[in-house]
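Novice: Sharing a structure, written as structure tokens. Questions coming.
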There are 2 protein chains.
Amino acid sequence: MKNQVTTTHSYNAQHSPAGAFFSFTCGKFGSQGGIAAESGGPANQDIHIGYKVGKPSDPGQLMCLPFFEGADSDEAARFDVEKESNSDKPISVRAIEPKLIGRDYQLLQDVWQTGPMTLSIHTPCPSIPDPEFATTQELRKALRPAVTSTLTLDNSKNDQPMTLVFSMAFGHGAAKIHDGLGDKRVGFSILQTMGLAFELADENACLTPFQHFTVESGLAAKAQPVFGLGGTIGVFVTVEAGQKTQLNIALASYNSAIATTGIESRYYYTRLFANLTDVLNDALDHIDEPLAIDPAYQQAYDKLTSQQQWLIAHATHSYFGSTQLMDVAGKPYWIVNEGEYCMINTLDLSVDHLFFELKQNPWVVRNVLDRFLEHYSYFDEVTLPGTDETWPGGISFTHDQGVFNNFTPKGTSSYEVTEEPGCFSHMTQEQLCNWSLMAASYVSQTNDQNWLQANRHVILACLQSMLNRDHHDPAKRTGVMQFDSSRCGKMGQEITTYDSLDHSLAQSRNNLYIAIKGWATYLGLAMLLGELGEAMSNEAEAAAKRAAATVIKQVQPDGTLPAVFEAQNPGHVSRILPAIEGLVYPMHWGKSGQAVLDANGPFAELRKVLKTHTQTLLNSGKNHFPDGGIRLSSTSANSWLSKISIFQHVANRLFEIDTTSSDASHINWLTGEQSSYFAMSDQFVDGVAKGSKYYPRIVTNWLWLD
Amino acid sequence: MKNQVTTTHSYNAQHSPAGAFFSFTCGKFGSQGGIAAESGGPANQDIHIGYKVGKPSDPGQLMCLPFFEGADSDEAARFDVEKESNSDKPISVRAIEPKLIGRDYQLLQDVWQTGPMTLSIHTPCPSIPDPEFATTQELRKALRPAVTSTLTLDNSKNDQPMTLVFSMAFGHGAAKIHDGLGDKRVGFSILQTMGLAFELADENACLTPFQHFTVESGLAAKAQPVFGLGGTIGVFVTVEAGQKTQLNIALASYNSAIATTGIESRYYYTRLFANLTDVLNDALDHIDEPLAIDPAYQQAYDKLTSQQQWLIAHATHSYFGSTQLMDVAGKPYWIVNEGEYCMINTLDLSVDHLFFELKQNPWVVRNVLDRFLEHYSYFDEVTLPGTDETWPGGISFTHDQGVFNNFTPKGTSSYEVTEEPGCFSHMTQEQLCNWSLMAASYVSQTNDQNWLQANRHVILACLQSMLNRDHHDPAKRTGVMQFDSSRCGKMGQEITTYDSLDHSLAQSRNNLYIAIKGWATYLGLAMLLGELGEAMSNEAEAAAKRAAATVIKQVQPDGTLPAVFEAQNPGHVSRILPAIEGLVYPMHWGKSGQAVLDANGPFAELRKVLKTHTQTLLNSGKNHFPDGGIRLSSTSANSWLSKISIFQHVANRLFEIDTTSSDASHINWLTGEQSSYFAMSDQFVDGVAKGSKYYPRIVTNWLWLD
């Protein structure tokens, strides 16, 4: 097969429609997968996709792709056909040997080829039109909660009939659909919320649905293949000698209930599809329509290295698996759940998804901004840890909007806790930056002046809040956050999204990453306020200059910058590559951003300092793992692919530092035996996925298509 | 405590509202339990109900009822307070020693008392009014999908404050309810389909909700007890020295979705309650209303032995846990799910639930009869196994209506398979008997002449079908089934509900149990046809006489009857007590039934034969287990409590044979270490629950209240 990017084909991938919080997951040999909705990890069905010589109930071995538990347990014995031929089990399942399996893993498809059998999974990457302006047909296409696949068996070279099988084991809750599917189609509903449907491309061939204890007993059950108490469902078809057969497969989700608490909502697709069979029929009706992305992005994608293409494909698949478009009182509510943690719209992820979403469907960025403002903004005061005195703070936004389909009350998140000295403290400063940067990027890319005008007061409030978090006394402002939110309480202090990457980086005050992000925030607010004709624009720009000056002062003799500025802080010895993360935003702001980033512009020195910092760290080896993978913090074995992707983009495009030689290592991390079950993960400790598994955030690598 | 019926208090019980397929299960020491909807077994939450000396966050031991995993792991060390007092864990959970725990287990309550703490679980046993005629308020009361409980802590004798805690660990999906609960009430929703709410009886006391990683960390989290990412939820309250506190608790289910496939339906309670908080508020509003059953039944219950009372209570609790009232297009659809198997309205269970349901809510019997007729009746032909020739058959009914909320297509069940030589074959003859006997009993008890008139053609069709299954040649009829349904195919033969009790009894043809059930069916049809003025009534009575004669001819020299009449059949040596099961129906038919059963009536000889059969078997010891429990079949170690209960009733009331001395053994079976996790089970092999666990059918013991 074409794709030789990975050293193994054994890794799970999520195949997911947009907005349904539903995935068909498979690919890791010897492990279960299948279909699941509203789950922070892979489904738990044994999948049997295979073929055998002879008619369905004839004795023999069903040769299956190794997508079931135990399929990798005894590799040597697995293909030992002779020894088993006298077995008293007339039909037995055998896993096909890995070396006989090919896989072509791409953005829009995942193709498995072995012997005469080919499984093509179609992986959508839709651009979702704004529901306010789109037709129902457009929305049905973009938001159909289904994934399709074709399975072919080529028996043209044999002189015996063969049997092709597609099957999944659910344990309980499966039932044959006996009403509503199109002619010649068969299917099953699963636990009232999911379903599968099948049809043959050749209308004259005969497809047999089965439901039985096992796939073996289903094939053997001549008289009545559908037995309601069976936990294993599927279909089989006899392919006569000299013939070729194509099985079309739809895997779908449909939840008709009120699916969330706190803010009650239903899935938006319930406005578009009447029920499960409507979805399944629609999916099969359109199975031949080729999937595509915007031609401009496709062109850019085609120019990338095959490693980059693979990483983007893998990231995109897991992004969609976490997406959820809900209907709240008739209006769309966009959600990206936080992978295995299932937190709703974690804002420090939203700001990372921004680059992808502005390319694909900018209205969801506006939707997230509006929902945060409406439900998840708050006003605080600021203080210093361990003290009682407070000063005016300002507007900010919560870390997230809830967890596992439960929205938190207005102005609160599921994550942030008061009086918490470590992880789970507040991220008030960073979330203020995140919302502001999203707003600036959204307006810059879409020129949505209506939205900007309507949010004039918010943009002004964001600037005031930024300034107050620096210092209430203008004379003492450094451009960098000096005070914590009063929400932290006396024992707590503000943390950043890197809370779990390196404990020394958790502090938000005097933090290099936050300083540059704050610098970008000031510039974004300056740009928006300038467009609004607000004089405060100058104030914002002045603050950005203060921030730049503060950072520059921190340059150490070797040319690098400490992660935390306070000399006595453990983070002072840390060296972090995400120092340059904040530069990615102005890179998205057209002319205004270009001016900021100009090598001879107002921030030329900051740019130079950051480039030297980056170059020095990369040359030193401190910020690489032994395998060549990128280490975000010199003092941590923990590194995150989403943030690495941003770093690589800025380093490459702004500083002309090529880091693509690390991509192969990152692919090895993802496809490593201990990590590959979780599809796309973010947090790797010494190259092994230890957290943020099954994760959407790595779609930051769509920056590479810029 | 009062109840000394059981040798241990460690056994699970289901506490369930009517029609919600929802249970709060607890009571087995060292195992999980809690709340679950649509489950064939206990929930899987650790439950912490306990108290500690001091304020909530003070160091100390939280003494809990042992309703969590590991609570029984080290009994000796458990109460060794001294050794642990210097522990570095400021708050720790300890399981209270079993010997310090009292339990009073009754029909309408389950009371746990230990030291200063008392937990009273209120277990409803409602009579459900016919929705066609009832008011919404009546229905809300009967069908409220909630269970309530009170938890009191008496600190009147101490001079220190104490803390009272109620907590459950869900892992994920829990969220504090921040809208909709009444003043001073707090609560949590669980996975969008369940919830808990709490309030203090004393409005001035202060109740604190918490959500945290564990109950210990929740108590310790002074600043913010509600942390959205925590999987453990609950409440705590400080009880000052000299005070006593009562915590009111509601545990509820609310599923707003289309909950079934095949026949689409929602829970009927969604017509009565707006949402989860409506249910929780209503439950707390009415927590002081005493639960009751019809005074006549209460009087009868009070006259029973304490063993009988315990068995009825335990059976009733598990019955309601399996019930489900659905709304299909505005009309109620009554379902009893089959315990751990979750089959929908298994008809051979429905006919057993009849006696309870006719006492409590006769309309559900009509509902089941109508739904079987409308969706799950069919016409077949009859044949002999291994032959091709067929003859006219007639109407019958499916074994069940589907499984796990998936309705099967019209005229088919999830269980019955064609060409199946053993278990999972068809039960055509028995289900025809079951429907007919239900119809006869329903009309006899309710005198619903409208229903009878409307079903005249069905009653006639049932008789014709009975006769055809005996023999197409009237001259060759024996009154007992001789032909199998063509649905069995060539390899299969009809089986009975006892399919898994004793393989030798699985055959339906020439089966003693079926012969007597068929005899009763003919008499029931004769009664109905007589009321309808149909001449065929005589034909039915004549068939009953043929059946009686056939059975009488089988009497062996020792006075007993073979289970299967064919001398070469392995069942010929089996001796079964359910020979007399069929007599229970005429016992329910008023004067008509009395005439049939009269010791000097038309069936005096049959009655005598069956009494001798029973008496002989009981005296012989063949049909007892070594512990004194009743063995339904002399050739099987498998025995079923539901059928034992019917047998005991007939033996006692008709033959004046007292079997109550076996009740203590049956209670020991249920409360045995290997069985007691599953609340009420039916199938016991040598006194250990091996199947039909968490089962509704044992409510047959309400016969004892007649």
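Quick note on naming: the chains in the structure tokens go A, B, ... in the order shown, residues restart at 1 in each chain, and ligands are numbered from 1 in order of appearance.
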Taking only residues of chain A that have an atom at most 9 Å from an atom of chain B, what is each one's shortest atom pair and its distance in Å to one decimal, using only C-alpha atoms, in chain and number order, as JSON lines?

Specialist:
```
{"residue": "A:His172", "atom": "CA", "partner": "B:Phe404", "partner_atom": "CA", "distance": 7.2}
{"residue": "A:Gly173", "atom": "CA", "partner": "B:Phe404", "partner_atom": "CA", "distance": 5.4}
{"residue": "A:Ala174", "atom": "CA", "partner": "B:Asn406", "partner_atom": "CA", "distance": 7.6}
{"residue": "A:Ala175", "atom": "CA", "partner": "B:Asn406", "partner_atom": "CA", "distance": 6.0}
{"residue": "A:Lys176", "atom": "CA", "partner": "B:Thr408", "partner_atom": "CA", "distance": 8.1}
{"residue": "A:Ile177", "atom": "CA", "partner": "B:Gly262", "partner_atom": "CA", "distance": 7.0}
{"residue": "A:His178", "atom": "CA", "partner": "B:Pro409", "partner_atom": "CA", "distance": 6.5}
{"residue": "A:Asp179", "atom": "CA", "partner": "B:Gly262", "partner_atom": "CA", "distance": 7.4}
{"residue": "A:Ser189", "atom": "CA", "partner": "B:Thr261", "partner_atom": "CA", "distance": 7.6}
{"residue": "A:Ile190", "atom": "CA", "partner": "B:Asn406", "partner_atom": "CA", "distance": 8.9}
{"residue": "A:Leu191", "atom": "CA", "partner": "B:Phe404", "partner_atom": "CA", "distance": 7.7}
{"residue": "A:Gln192", "atom": "CA", "partner": "B:Thr260", "partner_atom": "CA", "distance": 6.2}
{"residue": "A:Thr193", "atom": "CA", "partner": "B:Ala259", "partner_atom": "CA", "distance": 8.9}
{"residue": "A:Lys222", "atom": "CA", "partner": "B:Glu419", "partner_atom": "CA", "distance": 8.9}
{"residue": "A:Ala223", "atom": "CA", "partner": "B:Glu419", "partner_atom": "CA", "distance": 6.2}
{"residue": "A:Gln224", "atom": "CA", "partner": "B:Thr418", "partner_atom": "CA", "distance": 6.3}
{"residue": "A:Val226", "atom": "CA", "partner": "B:Val417", "partner_atom": "CA", "distance": 8.6}
{"residue": "A:Phe227", "atom": "CA", "partner": "B:Ser414", "partner_atom": "CA", "distance": 6.3}
{"residue": "A:Gly228", "atom": "CA", "partner": "B:Ser414", "partner_atom": "CA", "distance": 3.9}
{"residue": "A:Leu229", "atom": "CA", "partner": "B:Ser414", "partner_atom": "CA", "distance": 5.7}
{"residue": "A:Gly230", "atom": "CA", "partner": "B:Ser414", "partner_atom": "CA", "distance": 8.8}
{"residue": "A:Asn255", "atom": "CA", "partner": "B:Ala257", "partner_atom": "CA", "distance": 7.4}
{"residue": "A:Ser256", "atom": "CA", "partner": "B:Ala257", "partner_atom": "CA", "distance": 5.3}
{"residue": "A:Ala257", "atom": "CA", "partner": "B:Ala257", "partner_atom": "CA", "distance": 3.9}
{"residue": "A:Ile258", "atom": "CA", "partner": "B:Ser256", "partner_atom": "CA", "distance": 6.3}
{"residue": "A:Ala259", "atom": "CA", "partner": "B:Gln192", "partner_atom": "CA", "distance": 6.4}
{"residue": "A:Thr260", "atom": "CA", "partner": "B:Gln192", "partner_atom": "CA", "distance": 6.2}
{"residue": "A:Thr261", "atom": "CA", "partner": "B:Gln192", "partner_atom": "CA", "distance": 6.3}
{"residue": "A:Gly262", "atom": "CA", "partner": "B:His178", "partner_atom": "CA", "distance": 6.9}
{"residue": "A:Tyr341", "atom": "CA", "partner": "B:Leu229", "partner_atom": "CA", "distance": 8.8}
{"residue": "A:Met343", "atom": "CA", "partner": "B:Leu229", "partner_atom": "CA", "distance": 8.6}
{"residue": "A:Gly402", "atom": "CA", "partner": "B:Gly228", "partner_atom": "CA", "distance": 7.2}
{"residue": "A:Val403", "atom": "CA", "partner": "B:Leu229", "partner_atom": "CA", "distance": 7.2}
{"residue": "A:Phe404", "atom": "CA", "partner": "B:Gly173", "partner_atom": "CA", "distance": 5.5}
{"residue": "A:Asn405", "atom": "CA", "partner": "B:Gly173", "partner_atom": "CA", "distance": 7.5}
{"residue": "A:Asn406", "atom": "CA", "partner": "B:Ala175", "partner_atom": "CA", "distance": 6.1}
{"residue": "A:Phe407", "atom": "CA", "partner": "B:Ala175", "partner_atom": "CA", "distance": 8.1}
{"residue": "A:Thr408", "atom": "CA", "partner": "B:Gly228", "partner_atom": "CA", "distance": 7.7}
{"residue": "A:Pro409", "atom": "CA", "partner": "B:His178", "partner_atom": "CA", "distance": 6.5}
{"residue": "A:Ser413", "atom": "CA", "partner": "B:Gly228", "partner_atom": "CA", "distance": 7.3}
{"residue": "A:Ser414", "atom": "CA", "partner": "B:Gly228", "partner_atom": "CA", "distance": 3.9}
{"residue": "A:Tyr415", "atom": "CA", "partner": "B:Leu229", "partner_atom": "CA", "distance": 6.3}
{"residue": "A:Glu416", "atom": "CA", "partner": "B:Phe227", "partner_atom": "CA", "distance": 7.8}
{"residue": "A:Val417", "atom": "CA", "partner": "B:Gln224", "partner_atom": "CA", "distance": 6.5}
{"residue": "A:Thr418", "atom": "CA", "partner": "B:Gln224", "partner_atom": "CA", "distance": 6.3}
{"residue": "A:Glu419", "atom": "CA", "partner": "B:Ala223", "partner_atom": "CA", "distance": 6.2}
{"residue": "A:Glu420", "atom": "CA", "partner": "B:Ala223", "partner_atom": "CA", "distance": 8.7}
{"residue": "A:Gly489", "atom": "CA", "partner": "B:Ala223", "partner_atom": "CA", "distance": 8.6}
```

Novice: As JSON, numbers by chain, please: every residue in segment 108-267 of chain B that a backbone DSSP assignment puts in helix (DSSP H, G or I).

Specialist: {"B": [136, 137, 138, 139, 140, 141, 142, 143, 215, 216, 217, 218, 219, 220]}

Novice: Find the residues near Phe68 of chain B: any atom within 10 Å, counting only C-alpha atoms, skip ones fewer than 5 places away on the same chain, and give them as a ChimeraX atom specification.

Specialist: /B:26-34,44-49,95,168-169

Novice: Take the residues from that selection and put them in a file with all heavy atoms, as a short mmCIF file (atom, residue, chain, number, x, y, z; two decimals), in the first residue's frame.

Specialist:
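Result went into selection09.cif, see below:
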```cif
data_model
loop_
_atom_site.label_atom_id
_atom_site.label_comp_id
_atom_site.auth_asym_id
_atom_site.auth_seq_id
_atom_site.Cartn_x
_atom_site.Cartn_y
_atom_site.Cartn_z
N CYS B 26 -29.36 -2.05 47.31
CA CYS B 26 -28.30 -2.08 48.32
C CYS B 26 -28.59 -3.14 49.36
O CYS B 26 -29.69 -3.70 49.39
CB CYS B 26 -28.11 -0.71 48.97
SG CYS B 26 -29.46 -0.20 50.02
N GLY B 27 -27.61 -3.43 50.18
CA GLY B 27 -27.84 -4.35 51.29
C GLY B 27 -26.80 -5.45 51.40
O GLY B 27 -26.63 -6.01 52.47
N LYS B 28 -26.15 -5.80 50.30
CA LYS B 28 -25.14 -6.86 50.33
C LYS B 28 -23.83 -6.24 50.81
O LYS B 28 -23.30 -5.33 50.15
CB LYS B 28 -24.99 -7.44 48.93
CG LYS B 28 -23.77 -8.33 48.73
CD LYS B 28 -24.03 -9.75 49.13
CE LYS B 28 -22.90 -10.66 48.68
NZ LYS B 28 -23.01 -11.98 49.32
N PHE B 29 -23.30 -6.72 51.91
CA PHE B 29 -22.10 -6.12 52.49
C PHE B 29 -20.90 -6.35 51.57
O PHE B 29 -20.69 -7.44 51.04
CB PHE B 29 -21.81 -6.70 53.86
CG PHE B 29 -22.90 -6.48 54.88
CD1 PHE B 29 -22.91 -7.17 56.09
CD2 PHE B 29 -23.92 -5.56 54.64
CE1 PHE B 29 -23.91 -6.96 57.04
CE2 PHE B 29 -24.94 -5.35 55.57
CZ PHE B 29 -24.93 -6.06 56.77
N GLY B 30 -20.11 -5.31 51.43
CA GLY B 30 -18.87 -5.42 50.67
C GLY B 30 -19.06 -5.39 49.17
O GLY B 30 -18.11 -5.62 48.43
N SER B 31 -20.28 -5.12 48.71
CA SER B 31 -20.49 -5.03 47.26
C SER B 31 -21.08 -3.67 46.91
O SER B 31 -21.63 -2.98 47.75
CB SER B 31 -21.40 -6.14 46.77
OG SER B 31 -22.74 -5.85 47.09
N GLN B 32 -20.95 -3.32 45.64
CA GLN B 32 -21.51 -2.06 45.18
C GLN B 32 -23.00 -2.21 44.93
O GLN B 32 -23.53 -3.31 44.91
CB GLN B 32 -20.79 -1.62 43.90
CG GLN B 32 -19.30 -1.36 44.13
CD GLN B 32 -18.61 -0.83 42.91
OE1 GLN B 32 -18.82 -1.32 41.81
NE2 GLN B 32 -17.77 0.17 43.09
N GLY B 33 -23.65 -1.09 44.75
CA GLY B 33 -25.08 -1.08 44.47
C GLY B 33 -25.43 0.29 43.95
O GLY B 33 -24.68 0.86 43.17
N GLY B 34 -26.55 0.83 44.43
CA GLY B 34 -26.90 2.18 44.03
C GLY B 34 -28.03 2.22 43.03
O GLY B 34 -28.87 1.32 43.01
N ASN B 44 -23.56 -0.15 40.02
CA ASN B 44 -22.17 -0.38 40.41
C ASN B 44 -21.52 0.83 41.07
O ASN B 44 -20.42 1.22 40.74
CB ASN B 44 -21.36 -0.81 39.18
CG ASN B 44 -21.54 0.17 38.04
OD1 ASN B 44 -22.18 1.20 38.20
ND2 ASN B 44 -20.99 -0.14 36.89
N GLN B 45 -22.25 1.40 42.02
CA GLN B 45 -21.67 2.51 42.77
C GLN B 45 -21.31 2.07 44.19
O GLN B 45 -22.06 1.35 44.82
CB GLN B 45 -22.71 3.67 42.88
CG GLN B 45 -23.11 4.27 41.56
CD GLN B 45 -24.58 4.05 41.24
OE1 GLN B 45 -25.41 4.14 42.12
NE2 GLN B 45 -24.88 3.77 39.98
N ASP B 46 -20.16 2.56 44.66
CA ASP B 46 -19.88 2.48 46.09
C ASP B 46 -20.83 3.46 46.79
O ASP B 46 -20.97 4.61 46.36
CB ASP B 46 -18.43 2.88 46.39
CG ASP B 46 -17.45 1.72 46.15
OD1 ASP B 46 -17.89 0.56 46.18
OD2 ASP B 46 -16.26 1.99 45.94
N ILE B 47 -21.47 2.98 47.84
CA ILE B 47 -22.40 3.83 48.59
C ILE B 47 -21.79 4.07 49.97
O ILE B 47 -21.41 3.11 50.65
CB ILE B 47 -23.77 3.15 48.76
CG1 ILE B 47 -24.33 2.70 47.41
CG2 ILE B 47 -24.75 4.07 49.48
CD1 ILE B 47 -25.57 1.82 47.53
N HIS B 48 -21.70 5.33 50.36
CA HIS B 48 -21.20 5.65 51.70
C HIS B 48 -22.29 6.36 52.48
O HIS B 48 -22.60 7.52 52.21
CB HIS B 48 -19.93 6.50 51.62
CG HIS B 48 -18.74 5.73 51.13
ND1 HIS B 48 -18.22 5.87 49.86
CD2 HIS B 48 -17.99 4.77 51.73
CE1 HIS B 48 -17.19 5.04 49.71
NE2 HIS B 48 -17.03 4.36 50.81
N ILE B 49 -22.85 5.66 53.43
CA ILE B 49 -23.86 6.23 54.31
C ILE B 49 -23.29 6.07 55.72
O ILE B 49 -23.13 4.94 56.19
CB ILE B 49 -25.20 5.47 54.17
CG1 ILE B 49 -25.71 5.58 52.73
CG2 ILE B 49 -26.23 6.01 55.17
CD1 ILE B 49 -26.90 4.68 52.42
N ALA B 95 -15.83 0.55 57.54
CA ALA B 95 -17.11 -0.15 57.46
C ALA B 95 -17.54 -0.55 58.86
O ALA B 95 -16.73 -1.06 59.65
CB ALA B 95 -16.98 -1.38 56.58
N MET B 168 -22.56 8.70 47.02
CA MET B 168 -22.42 7.62 46.03
C MET B 168 -21.32 7.99 45.04
O MET B 168 -21.17 9.15 44.68
CB MET B 168 -23.71 7.44 45.23
CG MET B 168 -24.81 6.74 45.97
SD MET B 168 -26.16 6.43 44.81
CE MET B 168 -27.42 5.86 45.93
N ALA B 169 -20.60 6.98 44.57
CA ALA B 169 -19.49 7.21 43.64
C ALA B 169 -19.90 6.75 42.23
O ALA B 169 -20.14 5.56 42.03
CB ALA B 169 -18.26 6.45 44.10
#
```

Novice: Would you list, as number ranges by chain, the residues of segment 148-328 of chain B that end up in strand (DSSP E or B) under DSSP run on this structure's backbone?

Specialist: B: 148-154, 162-169, 174-176, 186-190, 194-200, 207-212, 226, 232-239, 244-253, 261, 266-267, 323-328

Novice: Would you mind exporting the chosen residues as an mmCIF file, in the first residue's frame, restricted to C-alpha atoms?

Specialist:
```
data_model
loop_
_atom_site.group_PDB
_atom_site.id
_atom_site.type_symbol
_atom_site.label_atom_id
_atom_site.label_comp_id
_atom_site.auth_asym_id
_atom_site.auth_seq_id
_atom_site.Cartn_x
_atom_site.Cartn_y
_atom_site.Cartn_z
ATOM 1 C CA THR B 148 -37.409 7.954 48.882
ATOM 2 C CA SER B 149 -35.476 7.367 52.027
ATOM 3 C CA THR B 150 -34.770 9.078 55.328
ATOM 4 C CA LEU B 151 -31.491 9.061 57.186
ATOM 5 C CA THR B 152 -31.404 10.158 60.813
ATOM 6 C CA LEU B 153 -28.568 10.762 63.225
ATOM 7 C CA ASP B 154 -29.317 11.014 66.902
ATOM 8 C CA MET B 162 -21.204 14.827 64.649
ATOM 9 C CA THR B 163 -21.332 14.715 60.856
ATOM 10 C CA LEU B 164 -23.862 12.704 58.856
ATOM 11 C CA VAL B 165 -23.009 11.732 55.258
ATOM 12 C CA PHE B 166 -24.862 10.204 52.300
ATOM 13 C CA SER B 167 -22.717 9.658 49.225
ATOM 14 C CA MET B 168 -22.418 7.620 46.031
ATOM 15 C CA ALA B 169 -19.491 7.214 43.637
ATOM 16 C CA ALA B 174 -22.733 13.447 37.808
ATOM 17 C CA ALA B 175 -23.505 17.144 38.050
ATOM 18 C CA LYS B 176 -24.995 19.335 40.732
ATOM 19 C CA VAL B 186 -29.846 20.206 46.791
ATOM 20 C CA GLY B 187 -29.330 17.478 44.255
ATOM 21 C CA PHE B 188 -27.376 15.919 41.439
ATOM 22 C CA SER B 189 -28.244 14.636 38.006
ATOM 23 C CA ILE B 190 -26.551 11.477 36.811
ATOM 24 C CA MET B 194 -31.159 9.784 36.847
ATOM 25 C CA GLY B 195 -30.849 12.028 39.840
ATOM 26 C CA LEU B 196 -30.763 12.456 43.600
ATOM 27 C CA ALA B 197 -32.134 15.228 45.783
ATOM 28 C CA PHE B 198 -31.800 15.929 49.469
ATOM 29 C CA GLU B 199 -33.304 18.172 52.110
ATOM 30 C CA LEU B 200 -33.233 18.377 55.886
ATOM 31 C CA LEU B 207 -27.040 20.868 54.306
ATOM 32 C CA THR B 208 -23.849 20.857 52.230
ATOM 33 C CA PRO B 209 -23.728 19.168 48.837
ATOM 34 C CA PHE B 210 -20.367 17.915 47.668
ATOM 35 C CA GLN B 211 -18.807 16.453 44.543
ATOM 36 C CA HIS B 212 -15.225 15.306 44.711
ATOM 37 C CA VAL B 226 -18.546 20.926 44.696
ATOM 38 C CA THR B 232 -18.356 11.047 43.988
ATOM 39 C CA ILE B 233 -21.416 13.049 44.996
ATOM 40 C CA GLY B 234 -23.370 13.436 48.184
ATOM 41 C CA VAL B 235 -24.334 15.633 51.072
ATOM 42 C CA PHE B 236 -23.198 16.142 54.630
ATOM 43 C CA VAL B 237 -24.647 17.906 57.623
ATOM 44 C CA THR B 238 -23.248 18.773 61.021
ATOM 45 C CA VAL B 239 -25.429 17.603 63.891
ATOM 46 C CA LYS B 244 -31.106 14.950 66.147
ATOM 47 C CA THR B 245 -31.252 15.385 62.385
ATOM 48 C CA GLN B 246 -33.316 13.832 59.625
ATOM 49 C CA LEU B 247 -32.124 13.897 56.026
ATOM 50 C CA ASN B 248 -34.761 13.308 53.360
ATOM 51 C CA ILE B 249 -33.526 11.628 50.214
ATOM 52 C CA ALA B 250 -35.074 11.134 46.775
ATOM 53 C CA LEU B 251 -33.538 8.873 44.125
ATOM 54 C CA ALA B 252 -35.108 9.166 40.707
ATOM 55 C CA SER B 253 -35.016 8.306 37.034
ATOM 56 C CA THR B 261 -37.253 0.354 18.951
ATOM 57 C CA ARG B 266 -41.420 6.874 25.687
ATOM 58 C CA TYR B 267 -41.765 6.293 29.398
ATOM 59 C CA THR B 323 -41.606 -3.038 35.430
ATOM 60 C CA GLN B 324 -41.883 -0.481 32.679
ATOM 61 C CA LEU B 325 -44.945 1.484 31.668
ATOM 62 C CA MET B 326 -44.499 3.019 28.246
ATOM 63 C CA ASP B 327 -46.467 5.489 26.183
ATOM 64 C CA VAL B 328 -47.102 4.249 22.649
#
```

Novice: Need the shell around Leu349 of chain B: protein/DNA/RNA residues with any atom at most 10 Å away, counting only C-alpha atoms. Skip same-chain ones fewer than 3 positions apart. Format as a list in words?

Specialist: Val336, Asn337, Glu338, Asn345, Thr346, Asp352, His353, Leu354, His399, Asp400, Asn434, Thr497, Ser642, Pro696, Arg697, Ile698 and Thr700 of chain B

Novice: Between B:Gln594, B:Gln493, B:Ser645, B:Ser306, single out the one closest to Gln106 of chain B, counting only C-alpha atoms.

Specialist: B:Ser306

Novice: Could you name the residues that touch segment 8-16 of chain B at 6 Å or less, counting only C-alpha atoms, but leaving out those on the same chain fewer than 4 positions away, as a ChimeraX atom specification?

Specialist: /B:22-29,123,317-318,320-321,671,676-677,679
